[in-house]
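Below is one structure, written out as structure tokens; comments come after it.
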Amino acid sequence: MSRPQQITVLGATGSIGLSTLDVIARHPERYQVFALSGYSRLAELLALCVRHSPQFVVVPEVEPARRLQDDLRAAGLSTRVLVGEEGLCRIASDPAVDAVMAAIVGAAGLRPTLAAVEAGKKILLANKEALVMSGALFMQAVRKSGSVLLPIDSEHNAIFQCMPGNFAQGLEAVGVRRILLTASGGPFRQTPMAELAHVSPAQACAHPNWSMGRKISVDSASMMNKGLELIEACWLFDARPSQVEVVIHPQSVIHSLVDYVDGSVLAQLGNPDMRTPIANALAWPERIDSGVAPLDLFAVARLDFEAPDEDRFPCLRLARQAAEAGNSAPAMLNAANEVAVAAFLDERVRYPEIASIIEEVLNLEPVVPVDDLDAVFTADAKARLLAEQWLSRHGR
Ligand code: NDP
Ligand code: MG
């Protein structure tokens, strides 16, 4: 067998990062960790270095980098510590790297992920915010470099598995009528509307089926996650927003479906465990063991479906509007959401105010074309400023 593939894991200390390292550790003959990054959980990052002996590790600042370098030496490791966004771009694009797991949360992941794309790496894309912010530029960069882009988001990985190999020819050309994007509905699917003003971050983060980072857990509760995924699906599969229908499926066993013109509907099923899409993308087009238990259909027993209620989930409506508007709208939506969710997790705003903040930002700022990365970050910064202004105006 050929040498193991060299893998960089951006966001190694997070939920997706740890699941990725779990799958990699099951296949040492296939994969070797080239580099890892962390942000605040540096003790965990050190433990991951001891376990996986990467060549490089990246942290955000100089002082913690020095301490980590000393700890690594004391542990007998030759791992080199790099710092900041420059370090992230370096480990994403190093000539020795075969594949990059993009699992930093939020806009912070955009530049390193694009660096991996521009270097022509195989991209395992979990960081949906990067694609939402810069969709047209991102996909243009993928085409230019010939990078292989594989979705990690469970829904998009499911859609990818249900698509024919030649889907890049266009959905009409390959006979796809629409994409059915499933959503669990999150922890507040049935909570009385009047109670939503009083839900806590802990309640929002208690997802019924998935264990995830805090930001995406809140996004799942508000269904902004599904809104971001709608935009993500449009870019990955060259679909119009009207070709993507959101279906609430509370069991999270069907991870999404593709509806063909002949009436066939293909679905991908499995236990809700991110190691399945991670293993699928790592090994694609082959299949490897992910450590996930086989699906027990008798234990699942039933599969339910319902239409989403946009009064309950205004973030889904706002995301669909941003998807239709295109240009700078998705970057603004994403940035306003990041500020609003962080404020909610800090208990500075109530849950329903997340949608109010985003709606105000989108109403205040006109949609403009985004022809380069500077324009994307300008839209991102404007939206963050407007969201911060909402917070200070309301005394938060
Ligand atoms: P986590 O919050 O668990 O992990 C985020 C990772 O990013 C951590 O390694 C964190 O470091 C790092 N990080 C945070 N902020 C920064 C920053 N400013 N600069 C550099 N690194 C940073 O999130 P998840 O793993 O849940 O999600 C990661 C991405 O994957 C998100 O985009 C999410 O939408 C997507 N995704 C996640 C799924 C899931 O099941 N978890 C499913 C589908 C998509 P540290 O922890 O050290 O602070
Ligand atoms: Mg998802």
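Naming scheme: A, B, ... for chains in displayed order of the structure tokens; residues 1 onward per chain; ligands 1 onward as shown.
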
Go through chain A and flag each residue having an atom no more than 9 Å from ligand 2; for those, report the closest pair of atoms plus their distance in Å to one decimal, using only C-alpha atoms and all ligand atoms, ordered by chain and rising number, as a tab-separated table.
```
residue	atom	partner	partner_atom_place_in_ligand_line	distance
A:Ala126	CA	ligand 2	1 (Mg)	8.8
A:Lys128	CA	ligand 2	1 (Mg)	8.9
A:Ile152	CA	ligand 2	1 (Mg)	8.2
A:Asp153	CA	ligand 2	1 (Mg)	4.5
A:Ser154	CA	ligand 2	1 (Mg)	5.0
A:Glu155	CA	ligand 2	1 (Mg)	5.3
A:His156	CA	ligand 2	1 (Mg)	7.3
A:Asn157	CA	ligand 2	1 (Mg)	9.0
A:Thr182	CA	ligand 2	1 (Mg)	8.7
A:Ala183	CA	ligand 2	1 (Mg)	7.9
A:Ile216	CA	ligand 2	1 (Mg)	8.9
A:Ser220	CA	ligand 2	1 (Mg)	8.5
A:Asn225	CA	ligand 2	1 (Mg)	7.1
A:Lys226	CA	ligand 2	1 (Mg)	7.2
A:Glu229	CA	ligand 2	1 (Mg)	6.8
A:His255	CA	ligand 2	1 (Mg)	8.4
```

**OP:** Can you tell me which residues come within 8 Å of ligand 1 when counting only C-alpha atoms and all ligand atoms, ideally as a PyMOL selection string?
**Re:** chain A and resi 10-18+37-42+44-45+59-60+84-85+102-109+125-130+152-154+210-217+225+273-274

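For the atom pair formed by CA of Val361 in chain A and CA of Leu228 in chain A, the distance is 16.5 Å, given to one decimal.
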
Original post:
Quick one: residues within 10 Å of Leu196 in chain A, only C-alpha atoms counted, chain neighbours fewer than 4 positions away excluded, as an MDAnalysis selection string?
Top reply: chainID A and resid 188 191:192 200 204 312 350:352

Mind dumping the selected residues with all heavy atoms as an mmCIF file, in the first residue's frame?
```
data_model
loop_
_atom_site.group_PDB
_atom_site.id
_atom_site.type_symbol
_atom_site.label_atom_id
_atom_site.label_comp_id
_atom_site.auth_asym_id
_atom_site.auth_seq_id
_atom_site.Cartn_x
_atom_site.Cartn_y
_atom_site.Cartn_z
ATOM 1 N N PHE A 188 -36.523 23.094 20.243
ATOM 2 C CA PHE A 188 -37.691 23.957 20.465
ATOM 3 C C PHE A 188 -38.800 23.723 19.437
ATOM 4 O O PHE A 188 -39.657 24.576 19.219
ATOM 5 C CB PHE A 188 -37.269 25.436 20.437
ATOM 6 C CG PHE A 188 -36.196 25.766 21.445
ATOM 7 C CD1 PHE A 188 -35.191 26.680 21.137
ATOM 8 C CD2 PHE A 188 -36.171 25.155 22.699
ATOM 9 C CE1 PHE A 188 -34.194 26.976 22.063
ATOM 10 C CE2 PHE A 188 -35.180 25.438 23.620
ATOM 11 C CZ PHE A 188 -34.190 26.351 23.304
ATOM 12 N N THR A 191 -41.861 23.540 21.697
ATOM 13 C CA THR A 191 -41.950 24.423 22.879
ATOM 14 C C THR A 191 -43.023 25.485 22.625
ATOM 15 O O THR A 191 -43.029 26.100 21.549
ATOM 16 C CB THR A 191 -40.582 25.131 23.090
ATOM 17 O OG1 THR A 191 -39.577 24.136 23.125
ATOM 18 C CG2 THR A 191 -40.553 25.946 24.371
ATOM 19 N N PRO A 192 -43.928 25.722 23.573
ATOM 20 C CA PRO A 192 -44.920 26.788 23.361
ATOM 21 C C PRO A 192 -44.225 28.107 23.021
ATOM 22 O O PRO A 192 -43.221 28.464 23.658
ATOM 23 C CB PRO A 192 -45.656 26.859 24.711
ATOM 24 C CG PRO A 192 -45.470 25.496 25.308
ATOM 25 C CD PRO A 192 -44.131 25.010 24.836
ATOM 26 N N SER A 200 -32.921 29.109 27.939
ATOM 27 C CA SER A 200 -31.527 29.409 28.295
ATOM 28 C C SER A 200 -30.583 28.851 27.226
ATOM 29 O O SER A 200 -30.962 27.966 26.450
ATOM 30 C CB SER A 200 -31.205 28.740 29.632
ATOM 31 O OG SER A 200 -31.214 27.339 29.455
ATOM 32 N N ALA A 204 -30.930 25.572 24.707
ATOM 33 C CA ALA A 204 -30.733 25.672 23.247
ATOM 34 C C ALA A 204 -29.644 24.698 22.788
ATOM 35 O O ALA A 204 -29.696 24.188 21.671
ATOM 36 C CB ALA A 204 -30.365 27.106 22.868
ATOM 37 N N ARG A 312 -42.465 30.116 13.792
ATOM 38 C CA ARG A 312 -41.669 29.579 14.899
ATOM 39 C C ARG A 312 -40.178 29.751 14.629
ATOM 40 O O ARG A 312 -39.396 29.943 15.542
ATOM 41 C CB ARG A 312 -42.005 28.086 15.078
ATOM 42 C CG ARG A 312 -41.166 27.384 16.133
ATOM 43 C CD ARG A 312 -41.614 25.955 16.303
ATOM 44 N NE ARG A 312 -42.910 25.868 16.955
ATOM 45 C CZ ARG A 312 -43.105 25.897 18.281
ATOM 46 N NH1 ARG A 312 -42.074 25.982 19.088
ATOM 47 N NH2 ARG A 312 -44.304 25.823 18.776
ATOM 48 N N ARG A 350 -32.135 37.657 24.536
ATOM 49 C CA ARG A 350 -33.050 36.519 24.628
ATOM 50 C C ARG A 350 -33.096 35.806 23.278
ATOM 51 O O ARG A 350 -32.849 36.409 22.237
ATOM 52 C CB ARG A 350 -34.459 37.016 24.974
ATOM 53 C CG ARG A 350 -34.576 37.517 26.389
ATOM 54 C CD ARG A 350 -35.894 38.246 26.533
ATOM 55 N NE ARG A 350 -35.957 38.909 27.837
ATOM 56 C CZ ARG A 350 -36.615 38.410 28.877
ATOM 57 N NH1 ARG A 350 -37.270 37.271 28.776
ATOM 58 N NH2 ARG A 350 -36.643 39.057 30.020
ATOM 59 N N TYR A 351 -33.488 34.545 23.323
ATOM 60 C CA TYR A 351 -33.486 33.712 22.118
ATOM 61 C C TYR A 351 -34.233 34.345 20.933
ATOM 62 O O TYR A 351 -33.690 34.412 19.825
ATOM 63 C CB TYR A 351 -34.030 32.316 22.495
ATOM 64 C CG TYR A 351 -34.375 31.446 21.338
ATOM 65 C CD1 TYR A 351 -33.389 30.721 20.674
ATOM 66 C CD2 TYR A 351 -35.691 31.352 20.893
ATOM 67 C CE1 TYR A 351 -33.722 29.921 19.593
ATOM 68 C CE2 TYR A 351 -36.023 30.554 19.821
ATOM 69 C CZ TYR A 351 -35.038 29.854 19.177
ATOM 70 O OH TYR A 351 -35.364 29.077 18.106
ATOM 71 N N PRO A 352 -35.483 34.883 21.114
ATOM 72 C CA PRO A 352 -36.182 35.437 19.935
ATOM 73 C C PRO A 352 -35.487 36.674 19.361
ATOM 74 O O PRO A 352 -35.710 37.024 18.201
ATOM 75 C CB PRO A 352 -37.573 35.823 20.470
ATOM 76 C CG PRO A 352 -37.723 35.071 21.752
ATOM 77 C CD PRO A 352 -36.339 34.928 22.315
#
```

**OP:** Find the residues around Arg177 in chain A up to 10 Å (only C-alpha atoms counted), leave out those fewer than 2 positions away in its own chain, and share them as JSON, numbers by chain.
**Re:** {"A": [171, 172, 174, 175, 179, 180, 243, 244, 258, 259, 260, 261, 262, 263, 264, 265]}

**OP:** Mind checking which residues fall within 9 Å of Cys234 in chain A, counting only C-alpha atoms, ignoring those fewer than 4 positions away in the same chain, and posting them as a count of residues only?
**Re:** 10

Original post:
Near Glu360 in chain A, within 12 Å and counting only C-alpha atoms, which residues show up once chain neighbours fewer than 5 positions away are dropped, as number ranges by chain?
Top reply: A: 318, 332-333, 336-337, 340, 353-355, 365-366, 383-391

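For the set A:Glu310, A:Asp289, A:Glu324, A:Glu63, the residue with the smallest atom-to-atom gap to Ala25 in chain A is A:Asp289, counting only C-alpha atoms.
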
Original post:
Which distance in Å separates CA of Thr113 in chain A and CA of Cys89 in chain A, to one decimal?
Top reply: 7.6 Å

**OP:** List the neighbours of Arg51 in chain A out to 12 Å using only C-alpha atoms; skip same-chain residues closer than 4 positions along the sequence, and give me the result as a list in words.
**Re:** Leu18, Leu21, Asp22, Ile24, Ala25, Gln32, Val33, Leu36, Glu44, Leu45, Leu46, Ala47, Leu72, Ala75, Leu77 and Thr79 of chain A
